[in-house]
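Colleague: My questions will all concern the structure given below.
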Amino acid sequence: MKKSKYNHITITPEGECLLYNVLSGALVELDKNEVAVYDDPNKWEDNPEFVEAISSMGFIVSEEFNEIDFVELQNRKNCMQSDVLSLTIAPTLDCMCCCPYCFEVKDNHSMSAATQSAVINAIEALIIENGYKRLDISWYGGEPLMAIDVIENLTNSLLEVAHKYAVQYSAYIITNGVLLTVDNTLRLNACAIRAAQVTIDGLKDTHDSLRPLKSGAGTFDLILSNVVASAPVSNFDINIRTNIGTDNEGNYLALKTAIDDLGLENVHTYAARREYYPHSDSSVESTCMSVPQFSAFLKRNGLFKERRQRKPECFSCLGESIHSFAIDSYGNVYKCWNEVGDTGCSFASISSESPTITVHSLEKSMPYLVTHCLDDAECKNCLVLPLCMGGCIYQKNNTGTKECIEEKYCLDDYVLEVRRRRREEGR
Amino acid sequence: MKVIEKGERNETVLLETKASKLTRSNNDCDHECHIKILGH
């Protein structure tokens, strides 16, 4: 028997010893005697119950068990097997904003009726072929609310298909919030869309400089008034995302406090790292934080508690899965939503000429589906590999560099947050 | 020993071969709040 290479010990501010396994996700608190036994394999034989208990949670594994091979096995499984079809759909590539860090290729095109019909046929064919149990849709753009009629038309058909094949349906929208009026929120709600992500990048002056309309006018007042007016709509959450860079990090807590003080039950805030992509304005690069810098920002401001908690799924993102892709308004199909509108990255297409998706450039999907992350010595030996699996594939493919996850730089904070959440759940 | 989180037994990877256990959706690579929507 040997200790798992994915064990991590966190000593709490109160002096408790927490043992976390990054592969199984198990977390235990050990007393001093148990720490002494755990630390010394010579004591394991005399403490069979303890050893059996922590072995069952993956803290001790057999000498022959290759945990990296096991990570690879789980990764393969998660990339290939799913009962969920996850789609990102851009009903339009048009947008009224001109944010300097935007990475998208803009186009004032909206999805035609013929393409909408072809998209529905293709999705139905995929459900029949693969027997999916759930269909997840992310409405994306451009600015999707500029084509809300397309969202309504497609939703009507998608709900019919979901009902026909007893598929659970969920939908979410990513919008800049400029058109998120109460009327539109009610229309989205009628489209079974249960939440929106809206970006506000700081207090008024900061946000207006980072998220202007094409005319140059600011959007802060308009977006915030839309959020306040739409918040009472039932069964509709608004998640306010702030893309943090070096020029607005000092604004975040003030913005968060201002929004929290509004007392809007369905409105949540979170900070994300601003990223620089090939189509972003070149001035943006110098304002982006590195992952260690952003981790320090989260830690300094106690923001781990508002973040989605990564789970040890041995999976980087849905770009790795054969059951997930993004569709633009022309019916071009991509592996990653960051590519939407950049037709050179499209690996397949949907059109009325074919009843299902036509794959025309398989090679463009391959870097996502076969990531070779375990060929990278740093990743292979990394403690947080099961949480990360090599990070953002798009970033790696486009810049040749890899970006590690925040948890790598503050794993103790992650572990303490796991404990806090379990306590909150009453475990 | 106080168990806070049992975690996933390694053996289950061979036993559960149909339903996906992934908690991610296509829009939560870095969209933390999506967790609230899917109820995870």
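For the structure tokens, the naming scheme is as follows: chains receive sequential letters (A, B, ...) according to their order of presentation, residues are indexed from 1 within each chain, and ligands are indexed from 1 in presentation order.
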Using only C-alpha atoms, determine which residues of chain A fall within 6 Å of chain B; present them as a count of residues only.
Modeller: 14
Colleague: Write down as a PyMOL selection string the residues belonging to segment 76-144 of chain A that are assigned strand (DSSP E or B) by DSSP computed on the backbone.
Modeller: chain A and resi 84-89+92+97+110+134-139
Colleague: Counting only C-alpha atoms, what is within 8 Å of segment 288-295 of chain A, bar same-chain residues fewer than 3 positions away, as number ranges by chain?
Modeller: A: 244-246, 273-276, 284-285, 298-299, 403-407, 409-410
Colleague: So that I can check the secondary structure, give me every residue of segment 44-206 of chain A assigned helix (DSSP H, G or I) by backbone DSSP, as an NGL selection string.
Modeller: :A and (48-56 or 67-80 or 113-130 or 144-164 or 182-190 or 204-206)
Colleague: Could you tell me which of A:Lys77, A:Leu203, A:Glu378, A:Arg419 comes closest to Leu15 of chain B if we count only C-alpha atoms?
Modeller: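 Checking each candidate against Leu15 of chain B, we get A:Lys77 as the closest.
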Colleague: Go ahead and compute the interatomic distance for atom CA of Lys204 of chain A and atom CA of Phe220 of chain A, in Å to one decimal.
Modeller: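 Between these atoms lies a distance of 5.5 Å.
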Colleague: Would you mind telling me which residue in A:Pro386, A:Val340, A:Phe347, A:Asp208 lies nearest to Lys106 of chain A when using only C-alpha atoms?
Modeller: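 Once distances to Lys106 of chain A are computed over only C-alpha atoms, the minimum belongs to A:Val340.
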Colleague: Env of Asn21 of chain A: 12 Å cut, atoms = only C-alpha atoms, seq-sep filter 6 positions within chain, self excluded. Answer as a PyMOL selection string.
Modeller: (chain A and resi 3-10+27-29+54-61+67+311-312+383-387+411+414-415+418) or (chain B and resi 4-10)
